[in-house]
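Q: model.txt is the file, holding compact mmCIF, C-alpha atoms:
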```txt
# COMPACT_ATOMS: atom_id res chain seq x y z
CA MET Q 1 -69.60 154.35 -79.19
CA ASN Q 2 -70.48 157.97 -78.45
CA THR Q 3 -68.14 159.94 -76.22
CA THR Q 4 -69.68 161.55 -73.14
CA PRO Q 5 -70.00 165.35 -73.09
CA GLN Q 6 -67.56 165.58 -70.17
CA ALA Q 7 -64.94 163.47 -71.95
CA VAL Q 8 -65.26 165.60 -75.07
CA ALA Q 9 -64.80 168.76 -73.04
CA THR Q 10 -61.70 167.31 -71.38
CA ALA Q 11 -60.21 166.27 -74.71
CA ASP Q 12 -60.94 169.62 -76.33
CA ALA Q 13 -60.06 171.86 -73.38
CA ALA Q 14 -56.62 172.76 -74.70
CA THR Q 15 -57.99 173.91 -78.05
CA THR Q 16 -61.29 175.51 -77.01
CA PRO Q 17 -60.96 179.31 -77.24
CA SER Q 18 -62.28 181.76 -74.68
CA THR Q 19 -65.03 183.86 -76.23
CA ASP Q 20 -64.10 186.74 -73.94
CA ALA Q 21 -60.39 186.67 -74.72
CA LEU Q 22 -60.60 186.03 -78.45
CA GLY Q 23 -63.78 187.91 -79.30
CA THR Q 24 -66.81 187.29 -81.46
CA SER Q 25 -64.85 186.44 -84.60
CA ALA Q 26 -63.15 183.57 -82.81
CA ALA Q 27 -66.52 182.36 -81.54
CA GLN Q 28 -67.82 182.45 -85.11
CA ASP Q 29 -64.85 180.44 -86.34
CA ARG Q 30 -65.30 177.97 -83.51
CA SER Q 31 -69.02 177.67 -84.34
CA ALA Q 32 -68.19 176.69 -87.90
CA VAL Q 33 -65.93 173.93 -86.59
CA LEU Q 34 -68.62 172.82 -84.16
CA GLU Q 35 -71.20 172.53 -86.94
CA GLU Q 36 -68.90 170.12 -88.75
CA LEU Q 37 -68.36 168.11 -85.56
CA ILE Q 38 -72.12 167.95 -84.96
CA LEU Q 39 -72.68 166.45 -88.39
CA LYS Q 40 -69.92 163.88 -87.84
CA ASP Q 41 -70.81 162.86 -84.29
CA PRO Q 42 -73.91 164.54 -82.82
CA GLY Q 43 -73.95 162.20 -79.82
CA ARG Q 44 -70.87 163.85 -78.36
CA PHE Q 45 -72.85 167.02 -77.64
CA ARG Q 46 -75.35 167.96 -74.96
CA VAL Q 47 -77.22 171.24 -75.44
CA LEU Q 48 -78.90 173.44 -72.85
CA THR Q 49 -81.30 176.03 -74.22
CA GLY Q 50 -84.61 177.57 -73.20
CA ASP Q 51 -86.83 180.57 -72.56
CA ARG Q 52 -88.43 182.58 -69.80
CA PRO Q 53 -92.21 182.04 -69.55
CA THR Q 54 -93.30 185.65 -70.02
CA GLY Q 55 -95.69 185.13 -72.94
CA ARG Q 56 -96.26 183.16 -76.12
CA LEU Q 57 -93.37 182.62 -78.50
CA HIS Q 58 -93.40 184.42 -81.84
CA LEU Q 59 -91.88 184.31 -85.30
CA GLY Q 60 -88.75 186.07 -84.11
CA HIS Q 61 -88.20 183.28 -81.60
CA TYR Q 62 -89.00 180.64 -84.19
CA PHE Q 63 -86.57 181.72 -86.89
CA GLY Q 64 -84.08 182.93 -84.29
CA THR Q 65 -83.76 179.81 -82.13
CA LEU Q 66 -86.67 177.39 -82.10
CA HIS Q 67 -86.22 175.78 -85.50
CA ASN Q 68 -82.53 175.30 -84.70
CA ARG Q 69 -83.45 173.34 -81.57
CA VAL Q 70 -85.49 170.95 -83.68
CA ARG Q 71 -82.66 170.71 -86.20
CA LEU Q 72 -80.11 169.78 -83.54
CA GLN Q 73 -82.51 167.32 -81.91
CA ASN Q 74 -83.18 165.63 -85.24
CA LEU Q 75 -79.46 165.36 -85.92
CA GLY Q 76 -79.09 163.37 -82.69
CA VAL Q 77 -77.82 166.02 -80.25
CA GLU Q 78 -79.04 165.50 -76.67
CA MET Q 79 -81.29 168.45 -75.85
CA PHE Q 80 -82.32 169.99 -72.53
CA VAL Q 81 -84.95 172.74 -72.85
CA ILE Q 82 -85.41 174.81 -69.70
CA ILE Q 83 -88.51 176.86 -68.97
CA ALA Q 84 -86.84 179.41 -66.74
CA ASP Q 85 -89.74 180.30 -64.48
CA TYR Q 86 -87.56 181.58 -61.62
CA GLN Q 87 -85.78 183.97 -63.98
CA VAL Q 88 -89.06 185.72 -64.77
CA LEU Q 89 -88.44 187.60 -61.53
CA THR Q 90 -85.11 189.07 -62.63
CA ASP Q 91 -86.73 192.14 -64.21
CA ARG Q 92 -90.25 192.29 -62.74
CA ASP Q 93 -91.82 192.31 -59.31
CA VAL Q 94 -94.25 189.41 -59.81
CA ALA Q 95 -94.61 186.53 -62.26
CA ASP Q 96 -98.05 187.08 -63.80
CA ASN Q 97 -100.04 184.11 -65.16
CA LEU Q 98 -97.04 181.85 -64.69
CA THR Q 99 -98.91 178.56 -65.08
CA GLY Q 100 -100.50 179.69 -68.34
CA HIS Q 101 -97.20 180.95 -69.75
CA VAL Q 102 -95.39 177.73 -68.82
CA GLU Q 103 -98.03 175.63 -70.54
CA ASP Q 104 -97.91 177.92 -73.58
CA LEU Q 105 -94.15 177.34 -73.88
CA VAL Q 106 -94.60 173.58 -73.69
CA LEU Q 107 -97.32 173.79 -76.36
CA ASP Q 108 -95.14 175.91 -78.65
CA HIS Q 109 -92.23 173.47 -78.38
CA LEU Q 110 -94.38 170.42 -79.04
CA ALA Q 111 -96.02 172.16 -82.00
CA ILE Q 112 -92.75 172.99 -83.73
CA GLY Q 113 -91.48 169.42 -83.39
CA VAL Q 114 -89.56 169.15 -80.13
CA ASP Q 115 -89.96 165.48 -79.22
CA PRO Q 116 -90.29 164.89 -75.44
CA GLN Q 117 -88.90 161.39 -75.93
CA ARG Q 118 -85.66 162.80 -77.36
CA SER Q 119 -85.51 166.18 -75.61
CA THR Q 120 -85.99 166.99 -71.93
CA ILE Q 121 -88.39 169.88 -71.26
CA PHE Q 122 -88.34 171.04 -67.63
CA THR Q 123 -88.82 174.01 -65.30
CA HIS Q 124 -86.44 175.76 -62.91
CA SER Q 125 -88.72 175.53 -59.93
CA ALA Q 126 -89.07 171.74 -60.17
CA ILE Q 127 -85.30 171.07 -59.95
CA PRO Q 128 -84.06 171.93 -56.42
CA ALA Q 129 -80.55 170.55 -57.00
CA LEU Q 130 -80.03 172.80 -60.02
CA ASN Q 131 -80.84 175.90 -58.00
CA GLN Q 132 -78.69 174.71 -55.09
CA LEU Q 133 -75.67 174.69 -57.40
CA MET Q 134 -75.93 178.47 -57.61
CA LEU Q 135 -74.60 178.84 -54.04
CA PRO Q 136 -71.12 177.32 -54.54
CA PHE Q 137 -70.99 178.86 -58.01
CA LEU Q 138 -71.55 182.34 -56.58
CA SER Q 139 -68.47 181.88 -54.42
CA LEU Q 140 -66.37 181.50 -57.59
CA VAL Q 141 -67.06 184.96 -59.05
CA SER Q 142 -66.68 188.42 -57.60
CA VAL Q 143 -69.28 191.15 -57.29
CA ALA Q 144 -67.13 193.30 -59.59
CA GLU Q 145 -67.12 190.61 -62.28
CA LEU Q 146 -70.90 190.34 -62.17
CA GLY Q 147 -71.30 194.11 -62.23
CA ARG Q 148 -69.13 194.41 -65.33
CA ASN Q 149 -71.20 191.89 -67.29
CA PRO Q 150 -72.59 193.88 -70.27
CA THR Q 151 -75.74 191.77 -70.50
CA VAL Q 152 -76.51 192.46 -66.83
CA LYS Q 153 -75.95 196.17 -67.42
CA ASP Q 154 -78.36 196.12 -70.36
CA GLU Q 155 -80.98 194.15 -68.43
CA ILE Q 156 -80.76 196.61 -65.54
CA ALA Q 157 -81.13 199.55 -67.92
CA HIS Q 158 -84.33 198.05 -69.36
CA SER Q 159 -85.70 196.61 -66.12
CA ARG Q 160 -89.39 196.96 -65.34
CA GLN Q 161 -88.69 197.18 -61.60
CA SER Q 162 -88.53 200.43 -59.66
CA ALA Q 163 -85.45 199.04 -57.93
CA VAL Q 164 -83.30 196.23 -59.33
CA SER Q 165 -83.32 193.14 -57.11
CA GLY Q 166 -80.27 191.11 -56.14
CA LEU Q 167 -81.53 188.35 -58.42
CA MET Q 168 -80.47 190.43 -61.42
CA PHE Q 169 -76.80 190.21 -60.40
CA THR Q 170 -77.02 186.47 -59.91
CA TYR Q 171 -78.64 186.00 -63.34
CA PRO Q 172 -75.41 184.92 -65.13
CA VAL Q 173 -74.56 182.51 -62.29
CA HIS Q 174 -78.05 181.03 -62.38
CA GLN Q 175 -77.61 180.50 -66.11
CA ALA Q 176 -74.30 178.80 -65.38
CA ALA Q 177 -76.15 176.41 -63.07
CA ASP Q 178 -78.67 175.79 -65.85
CA ILE Q 179 -75.91 174.77 -68.24
CA LEU Q 180 -73.60 172.92 -65.90
CA PHE Q 181 -76.16 170.89 -63.93
CA CYS Q 182 -76.51 168.61 -66.98
CA LYS Q 183 -72.83 168.93 -67.99
CA GLY Q 184 -73.92 170.84 -71.10
CA ASN Q 185 -71.05 171.36 -73.50
CA LEU Q 186 -72.82 173.29 -76.25
CA VAL Q 187 -75.05 176.36 -75.90
CA PRO Q 188 -76.72 177.99 -78.92
CA VAL Q 189 -76.56 181.74 -78.29
CA GLY Q 190 -76.70 185.08 -79.99
CA GLN Q 191 -73.70 187.38 -79.91
CA ASP Q 192 -75.18 189.38 -77.01
CA GLN Q 193 -75.17 186.24 -74.82
CA LEU Q 194 -71.44 185.53 -75.16
CA PRO Q 195 -70.58 187.36 -71.90
CA HIS Q 196 -73.05 185.16 -70.01
CA LEU Q 197 -71.49 182.03 -71.44
CA GLU Q 198 -68.04 183.29 -70.52
CA VAL Q 199 -69.19 183.50 -66.90
CA THR Q 200 -70.23 179.84 -67.16
CA ARG Q 201 -66.86 178.87 -68.60
CA THR Q 202 -65.09 180.81 -65.83
CA ILE Q 203 -67.14 179.10 -63.12
CA ALA Q 204 -66.49 175.65 -64.61
CA ARG Q 205 -62.76 176.32 -64.86
CA ARG Q 206 -62.48 177.73 -61.33
CA PHE Q 207 -64.51 174.90 -59.80
CA ASN Q 208 -62.31 172.33 -61.51
CA ASP Q 209 -59.15 174.13 -60.36
CA ARG Q 210 -60.34 174.58 -56.79
CA TYR Q 211 -62.16 171.33 -56.13
CA GLY Q 212 -61.42 168.97 -59.01
CA ASN Q 213 -58.25 167.44 -57.51
CA GLY Q 214 -56.86 166.89 -60.99
CA THR Q 215 -60.14 165.82 -62.57
CA THR Q 216 -62.63 167.70 -64.73
CA VAL Q 217 -65.91 167.96 -62.86
CA PHE Q 218 -67.50 170.40 -65.31
CA PRO Q 219 -66.90 170.96 -69.04
CA GLN Q 220 -66.26 174.46 -70.34
CA PRO Q 221 -69.19 174.78 -72.74
CA ASP Q 222 -68.83 176.12 -76.25
CA ALA Q 223 -71.01 178.80 -77.81
CA LEU Q 224 -72.76 177.79 -80.99
CA LEU Q 225 -73.30 181.23 -82.47
CA SER Q 226 -76.53 181.70 -84.33
CA SER Q 227 -76.55 183.17 -87.82
CA ALA Q 228 -80.30 183.65 -87.50
CA PRO Q 229 -81.77 186.77 -89.11
CA VAL Q 230 -83.22 189.54 -86.99
CA LEU Q 231 -86.90 190.18 -87.67
CA LEU Q 232 -88.51 193.49 -86.84
CA GLY Q 233 -91.92 193.75 -85.25
CA THR Q 234 -94.92 195.24 -86.99
CA ASP Q 235 -94.01 198.69 -85.59
CA GLY Q 236 -90.52 198.61 -87.09
CA THR Q 237 -88.73 197.99 -83.78
CA LYS Q 238 -87.28 194.75 -82.42
CA MET Q 239 -89.89 191.99 -82.33
CA SER Q 240 -90.75 191.46 -78.68
CA LYS Q 241 -93.45 189.91 -76.50
CA SER Q 242 -93.50 192.96 -74.25
CA ARG Q 243 -93.89 195.44 -77.12
CA ARG Q 244 -96.94 193.65 -78.54
CA ASN Q 245 -95.56 193.95 -82.05
CA ALA Q 246 -95.07 190.24 -82.72
CA ILE Q 247 -96.92 187.50 -84.56
CA THR Q 248 -97.14 184.59 -82.15
CA LEU Q 249 -97.06 180.97 -83.22
CA ALA Q 250 -100.51 180.60 -81.67
CA ALA Q 251 -102.07 183.46 -83.67
CA ASP Q 252 -104.72 182.38 -86.17
CA ALA Q 253 -104.74 183.30 -89.86
CA ASP Q 254 -107.10 186.27 -89.40
CA GLU Q 255 -105.08 187.77 -86.57
CA THR Q 256 -101.90 187.34 -88.60
CA ALA Q 257 -103.49 189.14 -91.57
CA ARG Q 258 -104.66 191.97 -89.32
CA LEU Q 259 -101.25 192.44 -87.72
CA LEU Q 260 -99.39 192.38 -91.01
CA LYS Q 261 -101.85 194.77 -92.62
CA GLY Q 262 -100.84 197.32 -90.00
CA ALA Q 263 -97.11 196.67 -90.34
CA ARG Q 264 -94.93 199.71 -90.93
CA THR Q 265 -93.37 200.12 -94.39
CA ASP Q 266 -92.28 203.32 -96.18
CA SER Q 267 -93.46 205.72 -98.89
CA GLU Q 268 -91.48 204.23 -101.79
CA ARG Q 269 -93.74 202.15 -104.04
CA HIS Q 270 -91.13 199.98 -105.74
CA ILE Q 271 -90.23 197.12 -103.40
CA THR Q 272 -86.52 196.42 -102.91
CA TYR Q 273 -84.46 194.55 -100.35
CA ASP Q 274 -82.15 197.03 -98.63
CA PRO Q 275 -81.88 196.40 -94.87
CA ARG Q 276 -79.79 199.51 -94.26
CA THR Q 277 -82.04 202.14 -95.84
CA ARG Q 278 -85.38 200.28 -95.88
CA PRO Q 279 -85.39 198.19 -92.69
CA GLU Q 280 -89.17 197.73 -92.32
CA VAL Q 281 -89.75 196.67 -95.93
CA SER Q 282 -86.66 194.46 -95.86
CA SER Q 283 -87.78 192.72 -92.68
CA LEU Q 284 -91.12 191.84 -94.27
CA LEU Q 285 -89.34 190.54 -97.37
CA LEU Q 286 -87.05 188.47 -95.18
CA LEU Q 287 -90.01 186.99 -93.32
CA ALA Q 288 -91.69 185.93 -96.56
CA ALA Q 289 -88.42 184.53 -97.87
CA LEU Q 290 -87.83 182.46 -94.72
CA CYS Q 291 -91.32 181.00 -94.98
CA GLN Q 292 -90.93 180.21 -98.69
CA ASN Q 293 -87.30 179.07 -98.60
CA ARG Q 294 -86.32 181.80 -101.06
CA THR Q 295 -84.08 184.85 -100.96
CA PRO Q 296 -85.50 188.26 -100.00
CA GLU Q 297 -84.25 189.60 -103.31
CA GLU Q 298 -86.35 187.05 -105.20
CA VAL Q 299 -89.46 188.03 -103.28
CA ALA Q 300 -88.77 191.73 -103.88
CA GLU Q 301 -88.27 191.22 -107.60
CA GLU Q 302 -91.56 189.33 -107.85
CA ILE Q 303 -93.48 192.15 -106.16
CA GLY Q 304 -91.68 194.96 -107.98
CA SER Q 305 -93.78 198.11 -108.29
CA ALA Q 306 -96.96 196.58 -106.90
CA GLY Q 307 -96.31 198.42 -103.64
CA ALA Q 308 -96.69 197.84 -99.93
CA ALA Q 309 -100.18 196.36 -100.14
CA ALA Q 310 -98.92 193.57 -102.42
CA LEU Q 311 -95.93 193.06 -100.14
CA LYS Q 312 -98.18 192.59 -97.13
CA ARG Q 313 -100.43 190.17 -99.01
CA THR Q 314 -97.40 188.13 -100.04
CA VAL Q 315 -96.05 188.02 -96.49
CA THR Q 316 -99.45 187.15 -95.02
CA GLU Q 317 -99.94 184.24 -97.43
CA ALA Q 318 -96.41 182.98 -96.84
CA VAL Q 319 -96.65 183.14 -93.05
CA ASN Q 320 -100.09 181.56 -92.84
CA GLU Q 321 -99.12 178.73 -95.17
CA TYR Q 322 -95.90 178.08 -93.26
CA LEU Q 323 -97.51 178.17 -89.81
CA ALA Q 324 -100.63 176.17 -90.74
CA PRO Q 325 -99.25 172.74 -89.75
CA ILE Q 326 -97.61 174.16 -86.61
CA ARG Q 327 -100.87 175.79 -85.56
CA ALA Q 328 -102.81 172.59 -86.26
CA ARG Q 329 -100.45 170.57 -84.06
CA ARG Q 330 -100.60 173.21 -81.34
CA ALA Q 331 -104.41 173.16 -81.33
CA GLU Q 332 -104.39 169.37 -81.12
CA TYR Q 333 -101.96 169.30 -78.19
CA ALA Q 334 -103.95 172.05 -76.44
CA GLN Q 335 -106.95 169.72 -76.30
CA ASP Q 336 -105.02 167.19 -74.23
CA ARG Q 337 -103.86 168.96 -71.07
CA THR Q 338 -103.17 165.60 -69.45
CA PHE Q 339 -100.52 164.85 -72.07
CA LEU Q 340 -99.16 168.37 -71.76
CA ARG Q 341 -98.70 168.16 -68.01
CA GLY Q 342 -97.41 164.60 -68.28
CA THR Q 343 -94.74 165.79 -70.73
CA LEU Q 344 -93.56 168.42 -68.25
CA ARG Q 345 -93.74 166.01 -65.31
CA GLU Q 346 -91.61 163.41 -67.11
CA GLY Q 347 -89.13 166.06 -68.21
CA ASN Q 348 -88.88 167.37 -64.66
CA GLU Q 349 -88.24 163.85 -63.36
CA ARG Q 350 -85.42 163.27 -65.85
CA ALA Q 351 -83.86 166.67 -65.13
CA ARG Q 352 -84.10 166.10 -61.37
CA ALA Q 353 -82.24 162.80 -61.64
CA VAL Q 354 -79.44 164.48 -63.62
CA ALA Q 355 -79.27 167.45 -61.24
CA ASP Q 356 -79.24 165.24 -58.14
CA ALA Q 357 -76.31 163.24 -59.53
CA THR Q 358 -74.39 166.41 -60.37
CA LEU Q 359 -75.01 167.95 -56.95
CA ALA Q 360 -73.82 164.74 -55.28
CA GLU Q 361 -70.63 164.93 -57.34
CA VAL Q 362 -70.18 168.58 -56.35
CA ARG Q 363 -70.67 167.82 -52.66
CA THR Q 364 -68.11 165.02 -52.85
CA ALA Q 365 -65.61 167.31 -54.60
CA MET Q 366 -66.17 170.00 -51.96
CA ASN Q 367 -65.86 167.44 -49.14
CA SER Q 368 -69.38 168.26 -47.92
CA HIS Q 369 -71.00 164.88 -48.49
CA TYR Q 370 -72.14 163.96 -44.98
```
Represent the structure contained in this file as structure tokens.
A:
Amino acid sequence: MNTTPQAVATADAATTPSTDALGTSAAQDRSAVLEELILKDPGRFRVLTGDRPTGRLHLGHYFGTLHNRVRLQNLGVEMFVIIADYQVLTDRDVADNLTGHVEDLVLDHLAIGVDPQRSTIFTHSAIPALNQLMLPFLSLVSVAELGRNPTVKDEIAHSRQSAVSGLMFTYPVHQAADILFCKGNLVPVGQDQLPHLEVTRTIARRFNDRYGNGTTVFPQPDALLSSAPVLLGTDGTKMSKSRRNAITLAADADETARLLKGARTDSERHITYDPRTRPEVSSLLLLAALCQNRTPEEVAEEIGSAGAAALKRTVTEAVNEYLAPIRARRAEYAQDRTFLRGTLREGNERARAVADATLAEVRTAMNSHY
């Protein structure tokens, strides 16, 4: 019989390291242990992951996080995928084309293989109890702690708003509500997200200490650090929706060829894989290698002195071949908006039931169930 996520967290609490106290290396070591535990007993884990609906997902998202979600789902891990529509407003004044972006995210997830029968896809705005958790959670952290969060500092520095709203400071606490509403005990993150997860762990620990009366209401979730490669955009900078330098999963073969034809390389004709001195060329080699299940060095050796034009042709063929079945599934799902909206409606219903139960437990623990 599978152990519940909360029971696992209770059993492991004494041995689970703090990512803040022990650093990234400890989180990496812990992630290696977690991968072994996932293979042995995937049912003991519940994952919360997701995206903000600010545009279509791209290859950086796919190789960075999306394919790992499908991997974990297929291993038997319980998966909650949040479309964080409220969090769109953390760094912009209005949420443009929100309905279209939400539907695009659902399409992208279905196309890559997220199964709505095994994974719960839902939106922030449809789960009132999740958002209500943020109020007691905010009482468990100080303004100074939120202000010191390095991810918040970075988000503020790159904000699109003329003045940063209060929502930006509550961002880590809102993410804690995302994770803890479903008693998530495993969160796949990049290294830059470790401070956010530490806020979640702190909130869970403080709530248990203050209101748990000797019981564990919330688990302290573990970080599953990603070893995903970083892909550069076609302009040589970080691949990003906002920079318009990305190849989206929805792009057709011709658009992909056009974008890659304009990708930045360098003046050296012989193609080699050297991320430090040749980042743009190396990123293209890595992209082809990921699509072909090869090493970047093998791809580079095959191209040799044929130059950048041959490199771009190789990458274009590899990407279009790899994405062809994903694009075909996406186009098929896009024809059935009834199924698309039904998937989101059913996911929202499941998430609401979980959130309502958690909020009821929180109100009982806080002696406010009247």
Q: Would you mind listing what lies within 7 Å of range 233-244 of chain Q as a compact mmCIF listing (two decimals) with C-alpha atoms, keeping the file's coordinate frame, with all atoms listed in the file counted and same-chain residues fewer than 4 positions away left out?
A:
```
# COMPACT_ATOMS: atom_id res chain seq x y z
CA GLY Q 55 -95.69 185.13 -72.94
CA GLY Q 60 -88.75 186.07 -84.11
CA LEU Q 259 -101.25 192.44 -87.72
CA LEU Q 260 -99.39 192.38 -91.01
CA GLY Q 262 -100.84 197.32 -90.00
CA ALA Q 263 -97.11 196.67 -90.34
CA ARG Q 264 -94.93 199.71 -90.93
CA GLU Q 280 -89.17 197.73 -92.32
```
Q: For a quick check of understanding, using all atoms listed in the file, which of Q:Ala253, Q:Thr49, Q:Met134, Q:Val281 has the smallest distance to Asp266 in chain Q?
A: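 Ranked by minimum distance to Asp266 in chain Q, first place goes to Q:Val281.
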Q: Which residues of range 194-284 of chain Q come within 12 Å of range 292-297 of chain Q, and for each one, what is the closest pair of atoms and their distance in Å to one decimal, counting all atoms listed in the file, sorted by chain and residue number, as CSV?
A:
```
residue,atom,partner,partner_atom,distance
Q:Pro229,CA,Q:Pro296,CA,11.6
Q:Ile271,CA,Q:Glu297,CA,9.6
Q:Thr272,CA,Q:Glu297,CA,7.2
Q:Tyr273,CA,Q:Glu297,CA,5.8
Q:Asp274,CA,Q:Glu297,CA,9.0
Q:Pro275,CA,Q:Pro296,CA,10.3
Q:Val281,CA,Q:Pro296,CA,10.3
Q:Ser282,CA,Q:Pro296,CA,7.5
Q:Ser283,CA,Q:Pro296,CA,8.9
Q:Leu284,CA,Q:Pro296,CA,8.8
```
Q: Would you output that residue set with C-alpha atoms, as a JSON list (two decimals), in the frame of the given file?
A:
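Wrote it out as result.json, contents follow:
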```json
[["chain", "number", "residue", "atom", "x", "y", "z"],
["Q", 229, "PRO", "CA", -81.77, 186.77, -89.11],
["Q", 271, "ILE", "CA", -90.23, 197.12, -103.40],
["Q", 272, "THR", "CA", -86.52, 196.42, -102.91],
["Q", 273, "TYR", "CA", -84.46, 194.55, -100.35],
["Q", 274, "ASP", "CA", -82.15, 197.03, -98.63],
["Q", 275, "PRO", "CA", -81.88, 196.40, -94.87],
["Q", 281, "VAL", "CA", -89.75, 196.67, -95.93],
["Q", 282, "SER", "CA", -86.66, 194.46, -95.86],
["Q", 283, "SER", "CA", -87.78, 192.72, -92.68],
["Q", 284, "LEU", "CA", -91.12, 191.84, -94.27]]
```
Q: Tell me, as a ChimeraX atom specification, which residues lie within 10 Å of Thr170 in chain Q, counting all atoms listed in the file; anything in the same chain fewer than 2 positions away does not count.
A: /Q:87,90,134-135,137-138,143,146-147,152,165-168,172-176
Q: Taking (-95.4, 187.4, -83.8) in the coordinates of the supplied file, I want to know which residues reach to within 7 Å of it, counting only C-alpha atoms; could you give the answer as a list in words?
A: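 Here is the list of nearby residues: His58, Leu59, Gly60, Asn245, Ala246, Ile247, Thr248 and Leu249 of chain Q.
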Q: Write out as a PyMOL selection string each polymer residue whose atoms come within 12 Å of Thr200 in chain Q, counting only C-alpha atoms; drop sequence neighbours fewer than 5 positions from it.
A: chain Q and resi 18-20+134+137-138+140-141+146+170-181+183-187+193-195+205-207+218-223
Q: If I only have part of range 241-253 of chain Q, can you fill in N, CA, C and O atoms and write it as a short mmCIF file (atom, residue, chain, number, x, y, z; two decimals), in the coordinates of the input?
A:
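Below is the file part.cif, written as the result:
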```cif
data_model
loop_
_atom_site.label_atom_id
_atom_site.label_comp_id
_atom_site.auth_asym_id
_atom_site.auth_seq_id
_atom_site.Cartn_x
_atom_site.Cartn_y
_atom_site.Cartn_z
N LYS Q 241 -92.18 190.21 -77.17
CA LYS Q 241 -93.45 189.91 -76.50
C LYS Q 241 -93.98 191.15 -75.77
O LYS Q 241 -95.17 191.44 -75.80
N SER Q 242 -93.07 191.85 -75.09
CA SER Q 242 -93.50 192.96 -74.25
C SER Q 242 -93.97 194.16 -75.07
O SER Q 242 -94.76 194.96 -74.58
N ARG Q 243 -93.51 194.29 -76.30
CA ARG Q 243 -93.89 195.44 -77.12
C ARG Q 243 -95.17 195.21 -77.92
O ARG Q 243 -95.66 196.09 -78.61
N ARG Q 244 -95.68 194.00 -77.86
CA ARG Q 244 -96.94 193.65 -78.54
C ARG Q 244 -96.88 193.96 -80.04
O ARG Q 244 -97.84 194.44 -80.63
N ASN Q 245 -95.74 193.70 -80.62
CA ASN Q 245 -95.56 193.95 -82.05
C ASN Q 245 -95.20 192.67 -82.80
O ASN Q 245 -94.66 192.72 -83.90
N ALA Q 246 -95.52 191.53 -82.18
CA ALA Q 246 -95.07 190.24 -82.72
C ALA Q 246 -96.24 189.40 -83.19
O ALA Q 246 -97.37 189.54 -82.71
N ILE Q 247 -95.95 188.50 -84.11
CA ILE Q 247 -96.92 187.50 -84.56
C ILE Q 247 -96.57 186.21 -83.84
O ILE Q 247 -95.53 185.61 -84.10
N THR Q 248 -97.42 185.79 -82.93
CA THR Q 248 -97.14 184.59 -82.15
C THR Q 248 -97.43 183.34 -82.97
O THR Q 248 -98.19 183.36 -83.94
N LEU Q 249 -96.81 182.24 -82.55
CA LEU Q 249 -97.06 180.97 -83.22
C LEU Q 249 -98.50 180.53 -83.03
O LEU Q 249 -99.04 179.77 -83.85
N ALA Q 250 -99.13 181.00 -81.96
CA ALA Q 250 -100.51 180.60 -81.67
C ALA Q 250 -101.54 181.48 -82.37
O ALA Q 250 -102.73 181.16 -82.35
N ALA Q 251 -101.12 182.57 -83.00
CA ALA Q 251 -102.07 183.46 -83.67
C ALA Q 251 -102.75 182.73 -84.83
O ALA Q 251 -102.13 181.93 -85.53
N ASP Q 252 -104.04 183.01 -85.05
CA ASP Q 252 -104.72 182.38 -86.17
C ASP Q 252 -104.49 183.19 -87.45
O ASP Q 252 -103.85 184.25 -87.44
N ALA Q 253 -105.00 182.67 -88.55
CA ALA Q 253 -104.74 183.30 -89.86
C ALA Q 253 -105.30 184.72 -89.92
O ALA Q 253 -104.66 185.63 -90.48
#
```
